[in-house]
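Have a look at my_file_22.cif; it's mmCIF, C-alpha atoms:
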```
data_upload
loop_
_atom_site.group_PDB
_atom_site.id
_atom_site.type_symbol
_atom_site.label_atom_id
_atom_site.label_comp_id
_atom_site.auth_asym_id
_atom_site.auth_seq_id
_atom_site.Cartn_x
_atom_site.Cartn_y
_atom_site.Cartn_z
ATOM 1 C CA MET A 685 24.741 14.236 5.261
ATOM 2 C CA GLY A 686 23.184 11.222 3.568
ATOM 3 C CA SER A 687 22.854 10.851 -0.136
ATOM 4 C CA GLY A 688 19.342 11.395 -1.477
ATOM 5 C CA SER A 689 17.366 11.331 -4.621
ATOM 6 C CA ALA A 690 17.377 14.341 -6.887
ATOM 7 C CA ILE A 691 13.585 14.069 -7.055
ATOM 8 C CA ARG A 692 12.199 14.251 -3.522
ATOM 9 C CA GLY A 693 8.693 13.049 -2.670
ATOM 10 C CA SER A 694 8.570 10.699 -5.640
ATOM 11 C CA ARG A 695 9.170 7.007 -5.966
ATOM 12 C CA VAL A 696 10.573 4.891 -8.740
ATOM 13 C CA GLY A 697 7.844 3.985 -11.227
ATOM 14 C CA ALA A 698 5.497 6.757 -10.135
ATOM 15 C CA GLY A 699 3.216 8.013 -12.871
ATOM 16 C CA PRO A 700 2.994 11.534 -14.180
ATOM 17 C CA MET A 701 1.959 14.277 -11.797
ATOM 18 C CA GLY A 702 -0.571 16.941 -12.626
ATOM 19 C CA GLU A 703 -3.632 17.259 -14.839
ATOM 20 C CA ALA A 704 -1.730 18.032 -18.020
ATOM 21 C CA GLU A 705 -0.434 14.475 -18.267
ATOM 22 C CA ARG A 706 -3.772 12.872 -17.323
ATOM 23 C CA GLY A 707 -5.923 14.734 -19.801
ATOM 24 C CA GLU A 708 -8.868 17.049 -19.266
ATOM 25 C CA SER A 709 -11.449 16.240 -16.599
ATOM 26 C CA ALA A 710 -15.147 16.092 -17.474
ATOM 27 C CA PRO A 711 -17.125 19.327 -17.066
ATOM 28 C CA ARG A 712 -18.633 19.417 -13.586
ATOM 29 C CA ILE A 713 -21.571 21.002 -11.775
ATOM 30 C CA ARG A 714 -21.804 21.571 -8.029
ATOM 31 C CA VAL A 715 -25.153 20.831 -6.385
ATOM 32 C CA PRO A 716 -25.890 21.872 -2.782
ATOM 33 C CA PHE A 717 -27.698 19.441 -0.473
ATOM 34 C CA TYR A 718 -29.119 20.226 2.991
ATOM 35 C CA CYS A 719 -29.743 17.850 5.914
ATOM 36 C CA ALA A 720 -32.092 18.152 8.909
ATOM 37 C CA ASN A 721 -29.188 19.429 11.063
ATOM 38 C CA GLN A 722 -28.787 22.389 8.677
ATOM 39 C CA HIS A 723 -25.471 21.140 7.275
ATOM 40 C CA GLU A 724 -24.727 22.032 3.673
ATOM 41 C CA VAL A 725 -22.936 19.546 1.408
ATOM 42 C CA VAL A 726 -21.850 20.592 -2.089
ATOM 43 C CA PRO A 727 -20.619 17.567 -4.066
ATOM 44 C CA SER A 728 -19.707 17.912 -7.717
ATOM 45 C CA PHE A 729 -21.116 15.781 -10.518
ATOM 46 C CA ALA A 730 -20.249 15.387 -14.175
ATOM 47 C CA ASN A 731 -22.570 17.467 -16.366
ATOM 48 C CA GLU A 732 -24.050 14.397 -18.030
ATOM 49 C CA ALA A 733 -24.408 12.411 -14.767
ATOM 50 C CA ALA A 734 -27.808 12.028 -13.118
ATOM 51 C CA VAL A 735 -27.926 14.038 -9.875
ATOM 52 C CA PRO A 736 -29.581 12.041 -7.051
ATOM 53 C CA GLU A 737 -32.518 13.417 -5.074
ATOM 54 C CA GLU A 738 -30.784 12.696 -1.762
ATOM 55 C CA TRP A 739 -27.156 12.631 -0.608
ATOM 56 C CA ASP A 740 -25.717 11.411 2.714
ATOM 57 C CA CYS A 741 -24.409 14.220 4.904
ATOM 58 C CA PRO A 742 -20.738 13.477 5.726
ATOM 59 C CA ARG A 743 -20.978 15.343 9.059
ATOM 60 C CA CYS A 744 -23.976 13.629 10.678
ATOM 61 C CA GLY A 745 -24.943 10.793 8.311
ATOM 62 C CA PHE A 746 -28.536 12.024 7.851
ATOM 63 C CA PRO A 747 -30.003 12.152 4.350
ATOM 64 C CA ALA A 748 -29.692 15.558 2.670
ATOM 65 C CA GLY A 749 -32.003 16.973 0.003
ATOM 66 C CA LYS A 750 -31.844 19.848 -2.464
ATOM 67 C CA ASP A 751 -34.469 22.027 -0.731
ATOM 68 C CA PRO A 752 -32.914 23.978 2.179
ATOM 69 C CA GLN A 753 -36.359 24.845 3.610
ATOM 70 C CA ASN A 754 -37.593 21.248 3.570
ATOM 71 C CA PRO A 755 -34.720 18.766 4.149
ATOM 72 C CA PRO A 756 -35.515 15.036 4.397
ATOM 73 C CA SER A 757 -36.399 13.852 7.872
ATOM 74 C CA PRO A 758 -33.771 11.822 9.728
ATOM 75 C CA PRO A 759 -34.233 8.054 9.634
ATOM 76 C CA ARG A 760 -36.117 6.551 12.559
ATOM 77 C CA THR A 761 -33.786 4.305 14.511
ATOM 78 C CA GLU A 762 -35.151 1.286 16.334
ATOM 79 C CA PRO A 763 -33.808 0.782 19.855
ATOM 80 C CA TYR A 764 -31.482 -2.147 20.415
ATOM 81 C CA LYS A 765 -33.370 -5.325 21.246
ATOM 82 C CA THR A 766 -31.949 -7.958 23.523
ATOM 83 C CA HIS A 767 -32.200 -11.665 22.832
ATOM 84 C CA LEU A 768 -34.887 -11.861 25.520
ATOM 85 C CA ALA A 769 -36.978 -9.214 23.726
ATOM 86 C CA TYR A 770 -36.894 -11.241 20.505
ATOM 87 C CA VAL A 771 -37.835 -14.422 22.404
ATOM 88 C CA LYS A 772 -40.765 -12.639 24.056
ATOM 89 C CA GLU A 773 -42.019 -11.617 20.612
ATOM 90 C CA ARG A 774 -42.165 -15.282 19.558
ATOM 91 C CA ARG A 775 -43.407 -16.950 22.739
ATOM 92 C CA THR A 776 -46.095 -16.271 25.309
ATOM 93 C CA GLU A 777 -45.366 -16.227 29.033
ATOM 94 C CA GLU A 778 -47.046 -19.641 29.399
ATOM 95 C CA GLU A 779 -44.968 -21.194 26.577
ATOM 96 C CA GLY A 780 -41.816 -19.856 28.189
ATOM 97 C CA ARG A 781 -42.773 -21.327 31.554
ATOM 98 C CA LEU A 782 -43.435 -24.751 29.964
ATOM 99 C CA ILE A 783 -40.068 -24.733 28.161
ATOM 100 C CA LEU A 784 -38.271 -23.696 31.353
ATOM 101 C CA ASP A 785 -39.992 -26.412 33.397
ATOM 102 C CA GLU A 786 -39.066 -29.024 30.776
ATOM 103 C CA ALA A 787 -35.408 -27.893 30.741
ATOM 104 C CA LEU A 788 -35.229 -27.870 34.558
ATOM 105 C CA ALA A 789 -36.749 -31.358 34.762
ATOM 106 C CA LYS A 790 -34.150 -32.670 32.298
ATOM 107 C CA LEU A 791 -31.343 -30.952 34.216
ATOM 108 C CA ARG A 792 -32.533 -32.393 37.550
ATOM 109 C CA ALA A 793 -32.853 -35.890 36.047
ATOM 110 C CA ASP A 794 -29.313 -35.671 34.615
ATOM 111 C CA ARG A 795 -27.966 -34.437 37.956
ATOM 112 C CA ALA A 796 -29.729 -37.245 39.844
ATOM 113 C CA GLU A 797 -28.255 -39.775 37.395
ATOM 114 C CA VAL A 798 -24.723 -38.407 37.928
ATOM 115 C CA GLU A 799 -25.147 -38.424 41.718
ATOM 116 C CA ALA A 800 -26.434 -42.023 41.616
ATOM 117 C CA HIS A 801 -23.458 -43.051 39.481
ATOM 118 C CA MET A 802 -21.043 -41.353 41.907
ATOM 119 C CA ARG A 803 -22.630 -43.107 44.912
ATOM 120 C CA ALA A 804 -22.457 -46.457 43.105
ATOM 121 C CA THR A 805 -18.768 -46.081 42.248
ATOM 122 C CA ALA A 806 -17.882 -44.770 45.741
ATOM 123 C CA ASN A 807 -19.127 -47.933 47.411
#
```
Take the structure in the file and give it back as structure tokens.
Amino acid sequence: MGSGSAIRGSRVGAGPMGEAERGESAPRIRVPFYCANQHEVVPSFANEAAVPEEWDCPRCGFPAGKDPQNPPSPPRTEPYKTHLAYVKERRTEEEGRLILDEALAKLRADRAEVEAHMRATAN
């Protein structure tokens, strides 16, 4: 049997445990909030604190309001856009074709230059 501390579950330098040593907590109120998925969240607030109109539901992440019959609508999520979708928003089809043709011409010129250099050094 190994030797152990007389106070289990505590560490050296740990502060006092329990509310009596910490002082009294502020008076609280509990306010129910309701989300569009019919989840109920009941956070507590200090009496003098301002209670927000909306609270995030911890279960689904939707906004929750105080009226159970009329909860806030879920946020509208935009579908993921690819890089190509963003490019198409900025450029027309004709502009894209011109840019592509310019890039291909440069690539072909560079390739022809490399091939000419290789033929010159091979001889």
*Find the residues around Phe717 (chain A) up to 8 Å (all atoms listed in the file counted), leave out those fewer than 3 positions away in its own chain, and share them as an NGL selection string.*
:A and (724-726 or 738-739 or 748-752)
*Calculate how many Å separate CA of Pro747 (chain A) from CA of Thr761 (chain A), rounding to one decimal.*
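Answer for the CA of Pro747 (chain A) to CA of Thr761 (chain A) separation: 13.4 Å.
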_Between CA of Pro755 (chain A) and CA of Glu737 (chain A), what distance in Å does the model show, to one decimal?_
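Here the two named atoms are 10.9 Å from each other.
The nearest approach to Pro756 (chain A) among the residues A:Cys719, A:Glu786, A:Glu708, A:Ala796, with all atoms listed in the file taken into account, belongs to A:Cys719.
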*For the atom pair CA of Val715 (chain A) and CA of Phe729 (chain A), what is the interatomic distance in Å to one decimal place?*
7.7 Å
*So which residues get picked by the PyMOL selection byres ((chain A and resi 743) around 10) here, written as number ranges by chain?*
A: 719, 721, 723-725, 740-742, 744-746
With 6 Å added on each side, what axis-aligned box encloses every listed atom of region 766-781 of chain A? Give the centre and edge lengths in Å to one decimal, as JSON.
```
{"center_x": -39.5, "center_y": -14.6, "center_z": 25.6, "size_x": 27.1, "size_y": 25.4, "size_z": 24.0}
```
Fix up region 741-766 of chain A with N, CA and C atoms, then write it as a PDB file, in the frame of the given file.
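Listing of part.pdb after writing:
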```
ATOM      1  N   CYS A 741     -25.206  13.151   4.308  1.00  0.00           N
ATOM      2  CA  CYS A 741     -24.409  14.220   4.904  1.00  0.00           C
ATOM      3  C   CYS A 741     -23.158  13.602   5.525  1.00  0.00           C
ATOM      4  N   PRO A 742     -21.955  14.058   5.154  1.00  0.00           N
ATOM      5  CA  PRO A 742     -20.738  13.477   5.726  1.00  0.00           C
ATOM      6  C   PRO A 742     -20.511  13.864   7.188  1.00  0.00           C
ATOM      7  N   ARG A 743     -21.183  14.903   7.673  1.00  0.00           N
ATOM      8  CA  ARG A 743     -20.978  15.343   9.059  1.00  0.00           C
ATOM      9  C   ARG A 743     -21.823  14.563  10.052  1.00  0.00           C
ATOM     10  N   CYS A 744     -23.101  14.302   9.712  1.00  0.00           N
ATOM     11  CA  CYS A 744     -23.976  13.629  10.678  1.00  0.00           C
ATOM     12  C   CYS A 744     -24.555  12.318  10.163  1.00  0.00           C
ATOM     13  N   GLY A 745     -24.441  12.044   8.861  1.00  0.00           N
ATOM     14  CA  GLY A 745     -24.943  10.793   8.311  1.00  0.00           C
ATOM     15  C   GLY A 745     -26.412  10.823   7.933  1.00  0.00           C
ATOM     16  N   PHE A 746     -27.118  11.922   8.221  1.00  0.00           N
ATOM     17  CA  PHE A 746     -28.536  12.024   7.851  1.00  0.00           C
ATOM     18  C   PHE A 746     -28.662  12.226   6.350  1.00  0.00           C
ATOM     19  N   PRO A 747     -29.807  11.871   5.777  1.00  0.00           N
ATOM     20  CA  PRO A 747     -30.003  12.152   4.350  1.00  0.00           C
ATOM     21  C   PRO A 747     -30.148  13.652   4.130  1.00  0.00           C
ATOM     22  N   ALA A 748     -29.617  14.136   3.008  1.00  0.00           N
ATOM     23  CA  ALA A 748     -29.692  15.558   2.670  1.00  0.00           C
ATOM     24  C   ALA A 748     -30.408  15.696   1.339  1.00  0.00           C
ATOM     25  N   GLY A 749     -31.245  16.715   1.231  1.00  0.00           N
ATOM     26  CA  GLY A 749     -32.003  16.973   0.003  1.00  0.00           C
ATOM     27  C   GLY A 749     -31.622  18.313  -0.596  1.00  0.00           C
ATOM     28  N   LYS A 750     -32.201  18.616  -1.747  1.00  0.00           N
ATOM     29  CA  LYS A 750     -31.844  19.848  -2.464  1.00  0.00           C
ATOM     30  C   LYS A 750     -32.577  21.081  -1.942  1.00  0.00           C
ATOM     31  N   ASP A 751     -33.680  20.895  -1.223  1.00  0.00           N
ATOM     32  CA  ASP A 751     -34.469  22.027  -0.731  1.00  0.00           C
ATOM     33  C   ASP A 751     -34.007  22.412   0.674  1.00  0.00           C
ATOM     34  N   PRO A 752     -33.411  23.609   0.847  1.00  0.00           N
ATOM     35  CA  PRO A 752     -32.914  23.978   2.179  1.00  0.00           C
ATOM     36  C   PRO A 752     -34.044  24.212   3.186  1.00  0.00           C
ATOM     37  N   GLN A 753     -35.232  24.581   2.713  1.00  0.00           N
ATOM     38  CA  GLN A 753     -36.359  24.845   3.610  1.00  0.00           C
ATOM     39  C   GLN A 753     -37.068  23.559   4.051  1.00  0.00           C
ATOM     40  N   ASN A 754     -36.897  22.492   3.279  1.00  0.00           N
ATOM     41  CA  ASN A 754     -37.593  21.248   3.570  1.00  0.00           C
ATOM     42  C   ASN A 754     -36.650  20.055   3.394  1.00  0.00           C
ATOM     43  N   PRO A 755     -35.650  19.902   4.282  1.00  0.00           N
ATOM     44  CA  PRO A 755     -34.720  18.766   4.149  1.00  0.00           C
ATOM     45  C   PRO A 755     -35.418  17.457   4.521  1.00  0.00           C
ATOM     46  N   PRO A 756     -34.916  16.328   4.031  1.00  0.00           N
ATOM     47  CA  PRO A 756     -35.515  15.036   4.397  1.00  0.00           C
ATOM     48  C   PRO A 756     -35.418  14.800   5.897  1.00  0.00           C
ATOM     49  N   SER A 757     -36.419  14.126   6.434  1.00  0.00           N
ATOM     50  CA  SER A 757     -36.399  13.852   7.872  1.00  0.00           C
ATOM     51  C   SER A 757     -35.364  12.771   8.180  1.00  0.00           C
ATOM     52  N   PRO A 758     -34.765  12.836   9.359  1.00  0.00           N
ATOM     53  CA  PRO A 758     -33.771  11.822   9.728  1.00  0.00           C
ATOM     54  C   PRO A 758     -34.421  10.448   9.821  1.00  0.00           C
ATOM     55  N   PRO A 759     -33.661   9.395   9.551  1.00  0.00           N
ATOM     56  CA  PRO A 759     -34.233   8.054   9.634  1.00  0.00           C
ATOM     57  C   PRO A 759     -34.594   7.710  11.072  1.00  0.00           C
ATOM     58  N   ARG A 760     -35.674   6.978  11.230  1.00  0.00           N
ATOM     59  CA  ARG A 760     -36.117   6.551  12.559  1.00  0.00           C
ATOM     60  C   ARG A 760     -35.301   5.326  12.955  1.00  0.00           C
ATOM     61  N   THR A 761     -34.614   5.423  14.066  1.00  0.00           N
ATOM     62  CA  THR A 761     -33.786   4.305  14.511  1.00  0.00           C
ATOM     63  C   THR A 761     -34.543   3.497  15.546  1.00  0.00           C
ATOM     64  N   GLU A 762     -34.522   2.196  15.380  1.00  0.00           N
ATOM     65  CA  GLU A 762     -35.151   1.286  16.334  1.00  0.00           C
ATOM     66  C   GLU A 762     -34.187   1.082  17.504  1.00  0.00           C
ATOM     67  N   PRO A 763     -34.705   1.043  18.722  1.00  0.00           N
ATOM     68  CA  PRO A 763     -33.808   0.782  19.855  1.00  0.00           C
ATOM     69  C   PRO A 763     -33.272  -0.636  19.786  1.00  0.00           C
ATOM     70  N   TYR A 764     -32.118  -0.837  20.393  1.00  0.00           N
ATOM     71  CA  TYR A 764     -31.482  -2.147  20.415  1.00  0.00           C
ATOM     72  C   TYR A 764     -32.368  -3.125  21.173  1.00  0.00           C
ATOM     73  N   LYS A 765     -32.580  -4.297  20.579  1.00  0.00           N
ATOM     74  CA  LYS A 765     -33.370  -5.325  21.246  1.00  0.00           C
ATOM     75  C   LYS A 765     -32.441  -6.422  21.755  1.00  0.00           C
ATOM     76  N   THR A 766     -32.717  -6.855  22.954  1.00  0.00           N
ATOM     77  CA  THR A 766     -31.949  -7.958  23.523  1.00  0.00           C
ATOM     78  C   THR A 766     -32.489  -9.280  22.987  1.00  0.00           C
TER      79      THR A 766
END
```
